[in-house]
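Colleague: Data file entry.tsv (TSV, C-alpha atoms) is appended below.
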```tsv
chain	number	residue	atom	x	y	z
A	1	MET	CA	11.05	-120.91	37.32
A	2	ALA	CA	13.92	-119.58	39.22
A	3	GLY	CA	16.93	-118.49	37.17
A	4	HIS	CA	20.09	-120.41	37.22
A	5	PHE	CA	22.59	-118.46	39.20
A	6	LYS	CA	26.13	-119.28	38.33
A	7	LYS	CA	28.48	-119.16	41.21
A	8	LYS	CA	31.09	-116.53	40.72
A	9	THR	CA	34.63	-117.76	40.35
A	10	LYS	CA	36.81	-116.95	43.25
A	11	THR	CA	39.07	-113.95	42.47
A	12	LYS	CA	42.73	-114.48	42.84
A	13	GLU	CA	44.40	-112.50	45.60
A	14	GLU	CA	47.75	-112.32	43.89
A	15	ILE	CA	48.93	-109.16	42.15
A	16	PRO	CA	49.89	-109.96	38.58
A	17	THR	CA	53.63	-109.48	38.24
A	18	ALA	CA	53.86	-109.92	34.52
A	19	SER	CA	53.63	-106.17	33.90
A	20	LEU	CA	56.18	-105.31	36.56
A	21	PRO	CA	59.10	-104.97	34.15
A	22	ASP	CA	56.99	-102.63	32.02
A	23	ILE	CA	56.19	-100.46	35.01
A	24	ILE	CA	59.85	-100.26	35.97
A	25	PHE	CA	60.72	-99.47	32.39
A	26	MET	CA	58.22	-96.64	32.33
A	27	LEU	CA	59.74	-95.28	35.55
A	28	LEU	CA	63.18	-95.53	34.01
A	29	ILE	CA	62.13	-93.54	30.97
A	30	PHE	CA	60.40	-90.99	33.19
A	31	PHE	CA	63.54	-90.39	35.23
A	32	MET	CA	65.75	-90.41	32.17
A	33	VAL	CA	63.70	-87.63	30.64
A	34	THR	CA	63.22	-85.48	33.72
A	35	THR	CA	66.44	-85.66	35.72
A	36	VAL	CA	69.15	-83.08	35.41
A	37	LEU	CA	72.24	-84.19	37.21
A	38	ARG	CA	73.88	-81.38	39.06
A	39	GLU	CA	76.79	-81.80	41.41
A	40	THR	CA	76.95	-78.27	42.72
A	41	THR	CA	74.43	-75.63	43.64
A	42	VAL	CA	75.14	-72.68	41.44
A	43	GLN	CA	74.71	-69.49	43.41
A	44	VAL	CA	75.17	-67.15	40.48
A	45	ARG	CA	73.03	-66.77	37.39
A	46	THR	CA	74.71	-68.11	34.28
A	47	LEU	CA	72.74	-67.49	31.14
A	48	LEU	CA	75.22	-68.80	28.63
A	49	PRO	CA	75.87	-66.97	25.37
A	50	LYS	CA	75.10	-68.64	22.08
A	51	ALA	CA	77.79	-69.61	19.59
A	52	GLU	CA	78.30	-71.69	16.47
A	53	ALA	CA	81.96	-72.69	16.67
A	54	LEU	CA	81.44	-75.20	19.45
A	55	THR	CA	83.58	-78.07	20.58
A	56	LYS	CA	82.43	-80.77	22.95
A	57	ILE	CA	84.31	-81.76	26.06
A	58	ASP	CA	83.78	-85.46	26.43
A	59	GLN	CA	86.22	-86.08	29.26
A	60	LYS	CA	84.18	-84.67	32.08
A	61	ARG	CA	86.68	-85.51	34.79
A	62	LEU	CA	89.19	-83.08	33.29
A	63	VAL	CA	86.82	-80.17	33.62
A	64	THR	CA	86.56	-77.66	36.42
A	65	TYR	CA	83.82	-75.09	36.20
A	66	VAL	CA	84.15	-71.44	37.04
A	67	TYR	CA	80.81	-69.69	37.27
A	68	ILE	CA	80.74	-65.94	36.71
A	69	GLY	CA	77.53	-63.98	36.86
A	70	PRO	CA	75.22	-61.89	38.99
A	71	LYS	CA	74.56	-63.42	42.37
A	72	LYS	CA	71.13	-64.98	42.80
A	73	LEU	CA	69.23	-63.36	45.63
A	74	GLU	CA	65.91	-64.22	47.27
A	75	GLY	CA	62.75	-63.44	45.38
A	76	ASN	CA	64.17	-63.73	41.87
A	77	ARG	CA	66.40	-60.71	42.29
A	78	ILE	CA	70.00	-60.61	41.21
A	79	GLY	CA	72.91	-58.93	42.88
A	80	GLU	CA	76.46	-58.03	42.01
A	81	THR	CA	78.67	-60.06	39.70
A	82	SER	CA	80.33	-62.86	41.64
A	83	VAL	CA	82.64	-65.74	40.89
A	84	GLN	CA	81.94	-69.27	42.06
A	85	ILE	CA	84.26	-72.25	41.93
A	86	ASP	CA	82.90	-75.63	43.05
A	87	ASP	CA	80.44	-74.95	45.85
A	88	ALA	CA	81.66	-71.65	47.20
A	89	LEU	CA	81.73	-68.07	46.06
A	90	VAL	CA	85.21	-66.63	45.70
A	91	GLU	CA	85.33	-63.32	47.53
A	92	ASP	CA	88.89	-62.37	46.67
A	93	LEU	CA	89.83	-63.08	43.05
A	94	GLY	CA	93.45	-63.44	44.15
A	95	ASN	CA	92.51	-66.82	45.64
A	96	VAL	CA	91.62	-68.22	42.22
A	97	ARG	CA	95.24	-68.94	41.35
A	98	THR	CA	95.76	-71.01	44.51
A	99	ILE	CA	92.56	-72.99	43.96
A	100	MET	CA	93.38	-73.61	40.32
A	101	TYR	CA	96.98	-74.48	41.00
A	102	SER	CA	96.02	-77.18	43.50
A	103	LYS	CA	93.52	-78.55	40.98
A	104	LEU	CA	96.20	-78.58	38.29
A	105	VAL	CA	98.51	-80.58	40.53
A	106	GLU	CA	95.78	-83.20	40.90
A	107	GLN	CA	94.86	-83.21	37.23
A	108	PRO	CA	97.65	-82.00	34.91
A	109	ARG	CA	95.38	-81.99	31.85
A	110	LEU	CA	92.83	-79.72	33.50
A	111	ILE	CA	90.37	-77.81	31.37
A	112	VAL	CA	88.73	-74.80	32.97
A	113	SER	CA	85.25	-74.25	31.63
A	114	LEU	CA	84.08	-70.70	32.14
A	115	LYS	CA	80.34	-70.52	32.55
A	116	VAL	CA	79.88	-66.81	32.23
A	117	ASP	CA	76.58	-64.98	32.21
A	118	GLU	CA	76.14	-63.14	28.95
A	119	THR	CA	75.44	-59.85	30.69
A	120	SER	CA	78.76	-59.92	32.55
A	121	GLU	CA	81.46	-57.46	31.64
A	122	MET	CA	84.83	-58.49	30.25
A	123	GLY	CA	86.71	-56.99	33.22
A	124	VAL	CA	86.03	-59.89	35.56
A	125	VAL	CA	86.65	-62.43	32.78
A	126	LEU	CA	90.02	-60.84	32.02
A	127	ASP	CA	90.87	-60.89	35.72
A	128	ILE	CA	90.10	-64.61	35.78
A	129	HIS	CA	92.29	-65.08	32.68
A	130	GLY	CA	95.15	-63.40	34.51
A	131	GLU	CA	94.66	-65.64	37.53
A	132	LEU	CA	94.51	-68.76	35.36
A	133	ARG	CA	97.73	-67.75	33.62
A	134	GLU	CA	99.36	-67.32	37.02
A	135	ALA	CA	98.18	-70.77	38.04
A	136	GLY	CA	99.28	-72.30	34.75
A	137	THR	CA	95.84	-73.66	33.85
A	138	LEU	CA	95.90	-72.54	30.26
A	139	ARG	CA	93.28	-74.75	28.62
A	140	ILE	CA	89.99	-72.95	28.91
A	141	ASN	CA	86.57	-73.22	27.40
A	142	TYR	CA	83.94	-70.51	27.06
A	143	SER	CA	80.85	-72.54	27.75
A	144	SER	CA	78.16	-71.61	25.24
A	145	LYS	CA	74.91	-72.95	23.95
A	146	ARG	CA	74.34	-74.02	20.38
A	147	GLU	CA	73.08	-71.26	18.19
A	148	ILE	CA	70.55	-72.28	15.61
A	149	PRO	CA	71.81	-70.66	12.41
A	150	SER	CA	69.11	-68.56	10.84
B	151	MET	CA	27.45	-124.86	68.06
B	152	PRO	CA	29.38	-124.09	64.94
B	153	VAL	CA	33.08	-124.68	64.95
B	154	LEU	CA	35.09	-121.57	64.04
B	155	LYS	CA	37.45	-122.60	61.33
B	156	LYS	CA	40.86	-121.13	61.67
B	157	LYS	CA	41.94	-119.22	58.58
B	158	PRO	CA	45.09	-120.45	56.95
B	159	ARG	CA	48.01	-118.09	57.45
B	160	VAL	CA	48.70	-115.89	54.40
B	161	GLU	CA	52.21	-116.19	53.11
B	162	GLY	CA	53.81	-112.69	53.20
B	163	GLU	CA	56.43	-113.14	50.57
B	164	ILE	CA	57.47	-110.55	48.01
B	165	PRO	CA	58.23	-111.99	44.61
B	166	THR	CA	61.94	-111.70	44.09
B	167	SER	CA	62.24	-112.98	40.56
B	168	SER	CA	62.06	-109.48	39.10
B	169	MET	CA	64.69	-108.07	41.46
B	170	ALA	CA	67.43	-108.75	38.95
B	171	ASP	CA	65.54	-106.86	36.27
B	172	ILE	CA	65.04	-103.86	38.53
B	173	ALA	CA	68.70	-103.77	39.43
B	174	PHE	CA	69.66	-104.07	35.81
B	175	LEU	CA	67.40	-101.21	34.83
B	176	LEU	CA	68.83	-99.02	37.57
B	177	LEU	CA	72.28	-99.80	36.26
B	178	ILE	CA	71.27	-98.76	32.76
B	179	PHE	CA	69.67	-95.62	34.17
B	180	PHE	CA	72.89	-94.48	35.82
B	181	LEU	CA	74.99	-95.46	32.83
B	182	VAL	CA	72.85	-93.35	30.58
B	183	THR	CA	72.37	-90.29	32.76
B	184	THR	CA	75.94	-89.75	33.91
B	185	THR	CA	77.14	-88.78	30.43
B	186	ILE	CA	74.06	-86.95	29.27
B	187	ASP	CA	75.15	-83.40	30.01
B	188	VAL	CA	78.14	-82.74	27.75
B	189	ASP	CA	79.62	-79.31	28.09
B	190	THR	CA	79.97	-77.43	24.83
B	191	GLY	CA	81.82	-74.23	24.29
B	192	ILE	CA	84.55	-72.36	22.51
B	193	GLY	CA	87.91	-73.82	23.41
B	194	MET	CA	90.92	-71.57	23.88
B	195	VAL	CA	94.44	-71.91	25.17
B	196	LEU	CA	95.70	-68.97	27.18
B	197	PRO	CA	99.26	-67.80	26.63
B	198	PRO	CA	101.64	-68.86	29.39
B	199	LYS	CA	102.64	-66.35	32.01
B	200	LEU	CA	105.44	-64.12	30.81
B	201	GLU	CA	108.60	-64.15	32.86
B	202	ASP	CA	109.94	-60.70	33.58
B	203	ASP	CA	113.27	-61.18	31.83
B	204	VAL	CA	111.85	-62.74	28.68
B	205	ILE	CA	110.95	-60.35	25.88
B	206	PRO	CA	108.17	-61.73	23.65
B	207	PRO	CA	109.31	-62.33	20.06
B	208	PRO	CA	108.58	-59.43	17.73
B	209	ILE	CA	105.59	-59.81	15.45
B	210	ARG	CA	105.30	-57.87	12.24
B	211	GLU	CA	102.44	-55.43	12.23
B	212	ARG	CA	100.97	-56.70	8.95
B	213	ASN	CA	100.56	-60.24	10.32
B	214	VAL	CA	98.25	-59.08	13.09
B	215	LEU	CA	94.58	-58.49	12.44
B	216	LYS	CA	93.44	-56.23	15.22
B	217	ILE	CA	89.83	-56.51	16.31
B	218	LEU	CA	88.59	-54.12	18.95
B	219	VAL	CA	85.27	-54.53	20.76
B	220	ASN	CA	84.13	-51.52	22.73
B	221	GLU	CA	81.75	-51.01	25.67
B	222	ALA	CA	78.69	-50.87	23.42
B	223	GLY	CA	79.66	-54.07	21.63
B	224	LEU	CA	80.69	-52.17	18.49
B	225	VAL	CA	83.57	-53.56	16.48
B	226	LEU	CA	86.65	-51.99	14.92
B	227	VAL	CA	88.65	-54.15	12.53
B	228	GLU	CA	92.06	-52.62	11.79
B	229	ASP	CA	90.68	-49.29	13.10
B	230	GLN	CA	87.78	-49.40	10.66
B	231	PRO	CA	84.22	-49.73	11.98
B	232	SER	CA	82.84	-53.10	10.99
B	233	ALA	CA	79.90	-55.39	11.60
B	234	VAL	CA	80.23	-58.66	13.50
B	235	GLN	CA	79.03	-60.62	10.46
B	236	LEU	CA	81.85	-59.22	8.30
B	237	ILE	CA	84.60	-60.44	10.64
B	238	ARG	CA	84.51	-63.98	9.27
B	239	GLN	CA	85.34	-62.86	5.73
B	240	GLU	CA	87.93	-60.39	6.99
B	241	VAL	CA	89.73	-63.10	8.98
B	242	MET	CA	89.73	-65.42	5.97
B	243	THR	CA	91.16	-62.75	3.68
B	244	HIS	CA	93.78	-61.96	6.28
B	245	VAL	CA	94.91	-65.54	6.86
B	246	LEU	CA	94.74	-66.74	3.26
B	247	ASN	CA	96.44	-63.63	1.87
B	248	GLU	CA	99.83	-65.32	1.40
B	249	GLY	CA	101.64	-62.01	1.03
B	250	VAL	CA	99.59	-60.65	-1.85
B	251	ASP	CA	98.01	-57.65	-0.18
B	252	PRO	CA	100.48	-55.68	1.98
B	253	ARG	CA	97.72	-54.89	4.49
B	254	TYR	CA	97.15	-58.55	5.28
B	255	ALA	CA	99.31	-61.42	6.56
B	256	GLU	CA	102.46	-62.77	4.92
B	257	SER	CA	101.43	-66.40	5.29
B	258	ALA	CA	98.78	-68.50	7.00
B	259	GLY	CA	101.34	-69.77	9.47
B	260	LYS	CA	102.31	-66.28	10.58
B	261	ALA	CA	98.83	-64.76	10.71
B	262	LEU	CA	97.59	-63.69	14.11
B	263	ILE	CA	94.21	-62.44	15.23
B	264	SER	CA	94.20	-60.09	18.16
B	265	ILE	CA	90.94	-59.44	19.98
B	266	LYS	CA	90.96	-56.51	22.32
B	267	THR	CA	88.14	-55.53	24.60
B	268	SER	CA	87.67	-52.91	27.23
B	269	ARG	CA	86.81	-53.90	30.76
B	270	GLU	CA	83.21	-52.80	30.25
B	271	THR	CA	82.63	-54.80	27.07
B	272	PRO	CA	79.70	-57.17	27.49
B	273	TYR	CA	80.78	-60.80	27.51
B	274	SER	CA	78.17	-61.72	24.87
B	275	ALA	CA	79.69	-59.24	22.39
B	276	TYR	CA	83.12	-60.74	22.99
B	277	VAL	CA	81.84	-64.29	22.50
B	278	ASN	CA	80.07	-63.27	19.27
B	279	VAL	CA	83.30	-61.87	17.87
B	280	LEU	CA	85.36	-64.84	19.03
B	281	ASP	CA	82.76	-67.18	17.55
B	282	GLU	CA	83.03	-65.47	14.16
B	283	VAL	CA	86.82	-65.75	14.22
B	284	TRP	CA	86.62	-69.44	15.07
B	285	MET	CA	84.00	-70.01	12.39
B	286	ALA	CA	86.41	-68.44	9.89
B	287	TYR	CA	89.07	-70.94	10.93
B	288	PHE	CA	86.57	-73.82	10.79
B	289	GLU	CA	85.60	-72.82	7.26
B	290	MET	CA	89.23	-72.59	6.18
B	291	TRP	CA	89.98	-75.99	7.70
B	292	ASP	CA	86.92	-77.44	6.01
B	293	SER	CA	88.02	-76.22	2.59
B	294	GLU	CA	91.57	-77.50	3.21
B	295	ALA	CA	90.14	-80.89	4.13
B	296	ARG	CA	88.10	-80.90	0.92
B	297	VAL	CA	91.27	-80.24	-1.06
B	298	LEU	CA	92.77	-83.33	0.59
B	299	GLY	CA	89.73	-85.35	-0.46
B	300	TYR	CA	87.78	-85.48	2.80
B	301	LEU	CA	84.18	-84.47	3.31
B	302	ASP	CA	85.04	-81.86	5.95
B	303	TYR	CA	87.57	-81.12	8.67
B	304	LYS	CA	85.74	-83.30	11.18
B	305	THR	CA	86.07	-86.41	9.02
B	306	TYR	CA	89.71	-85.52	8.40
B	307	VAL	CA	90.38	-85.34	12.14
B	308	GLY	CA	88.57	-88.65	12.57
B	309	ALA	CA	90.74	-90.21	9.87
B	310	ILE	CA	94.04	-88.96	11.27
B	311	THR	CA	93.26	-89.94	14.86
B	312	GLU	CA	92.65	-93.45	13.55
B	313	SER	CA	95.87	-93.62	11.56
B	314	GLY	CA	97.91	-91.50	13.96
B	315	ALA	CA	99.07	-89.13	11.24
B	316	GLU	CA	100.07	-85.51	11.77
B	317	ASN	CA	97.37	-82.89	11.44
B	318	ILE	CA	98.80	-81.05	8.44
B	319	ILE	CA	95.82	-78.73	8.11
B	320	ARG	CA	96.29	-77.46	11.64
B	321	ASP	CA	100.02	-77.07	10.96
B	322	LYS	CA	99.36	-75.00	7.88
B	323	ILE	CA	96.62	-72.80	9.28
B	324	LYS	CA	97.20	-72.30	12.95
B	325	ALA	CA	94.40	-70.78	14.93
B	326	ALA	CA	96.44	-68.03	16.51
B	327	ILE	CA	94.00	-65.91	18.47
B	328	SER	CA	95.25	-63.62	21.15
B	329	ILE	CA	93.19	-61.88	23.77
B	330	ALA	CA	94.79	-58.53	24.38
B	331	GLU	CA	94.67	-56.77	27.72
B	332	PRO	CA	92.69	-53.54	27.70
B	333	ASP	CA	94.59	-50.29	27.73
B	334	GLY	CA	95.38	-48.58	30.97
B	335	THR	CA	95.48	-51.63	33.25
```
Take the structure in the file and write it out as structure tokens.

Modeller:
Amino acid sequence: MAGHFKKKTKTKEEIPTASLPDIIFMLLIFFMVTTVLRETTVQVRTLLPKAEALTKIDQKRLVTYVYIGPKKLEGNRIGETSVQIDDALVEDLGNVRTIMYSKLVEQPRLIVSLKVDETSEMGVVLDIHGELREAGTLRINYSSKREIPS
Amino acid sequence: MPVLKKKPRVEGEIPTSSMADIAFLLLIFFLVTTTIDVDTGIGMVLPPKLEDDVIPPPIRERNVLKILVNEAGLVLVEDQPSAVQLIRQEVMTHVLNEGVDPRYAESAGKALISIKTSRETPYSAYVNVLDEVWMAYFEMWDSEARVLGYLDYKTYVGAITESGAENIIRDKIKAAISIAEPDGT
């Protein structure tokens, strides 16, 4: 006797949308974990020093970054110590006071965060201090990473 | 002859009911990520530029704790070789001396820490020394806050920003740190 063949139910052509929010949520978490927001391309290497006595700067719009460190060259090599403000390298340190002064006019409560590579020498940092004093931008911050106390 | 049945036209619509959710999630995403990278560091206030005709007020020698960091990252405290780890204690003895020891400061309000480097001093050595000095101040503020009945200085600051009171700890023990110019410049 021939077997009873059940007719297969017709498959639905619609994509189930019930899991869509979950998928989006997964994507959201993925991006939240992986993205690093960076406004400027840093052309110098800044390996920050470690410190314990840290304060947080919550008001990000008050902060201007000054990057000091060896210039990044092609092929993972590093060059001479250079200073970068915003997107451009500052060739003549005498220009720092003009740049900072115009920033101070825009934002009177300006904080200058110095992101200095730990291998840099104090000479260039002291030169920047002098320039900042000339410009009148006196609130500074030595950007450092948290040191895990041993 | 069989009649070819015309297939019904497939509706090409994208479901739009979840659009609001997607937009909402994107909104949350940007809200969260824009404040994620908080800059941390050691805060300092540089001294204002000196006018040529203004002579800086005289400071008594005993109120200044001189710390010198040389090219090799070695430290001299009051011309005595010292280790970086000992600076914290030295700063605390200096500031909290209250005129007892003639080598240290007259009072906490008058105490001054001077950090001098040479131009070739590595930045990391300077930051280590500065960090120790700041940690000394943090510890002193913490113990002052405990005297006033707070858990630590942070809770004290939280309490006074809420009530709008004066920061009496900061008035008593001022963090007076000066970065001296190297010699011969």

Colleague: Considering all atoms listed in the file, can you say which of A:Val63, A:Val112, A:Leu54, A:Leu27 comes closest to chain B?

Modeller: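 Closest to chain B of all the choices is A:Leu54.
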
Colleague: At what distance in Å, to one decimal, does CA of Thr271 in chain B lie from CA of Leu218 in chain B?

Modeller: 10.1 Å

Colleague: Could you list the residues in chain A lying within 7 Å of chain B, using only C-alpha atoms, and format the result as a PyMOL selection string?

Modeller: chain A and resi 24+28+32+49+51-58+118-123+133-134+136+138-145

Colleague: Quick one: of A:Thr64, A:Gln43, A:Ser113, A:Ser102, who's nearest to Gly79 in chain A, counting all atoms listed in the file?

Modeller: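 Closest to Gly79 in chain A of all the choices is A:Gln43.
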
Colleague: Do you know which residues are at most 6 Å from Val214 in chain B counting only C-alpha atoms, after dropping those on the same chain fewer than 3 positions away, and could you put them as a PyMOL selection string?

Modeller: chain B and resi 211+262-263

Colleague: Taking only C-alpha atoms into account, name the residue in A:Gly130, A:Asn76, A:Leu48, A:Leu62 that is nearest to Leu104 in chain A.

Modeller: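 Selected residue with least distance to Leu104 in chain A: A:Leu62.
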
Colleague: Set the distance at 7 Å and use only C-alpha atoms: which residues neighbour Tyr303 in chain B once local chain neighbours fewer than 5 positions away are removed? I'd like the list as a list in words.

Modeller: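 Selected residues are Trp291, Asp292 and Ala295 of chain B.
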
Colleague: For Lys50 in chain A, which residue among A:Ile85, A:Val90, A:Val124, A:Val116 is the nearest when counting only C-alpha atoms?

Modeller: A:Val116
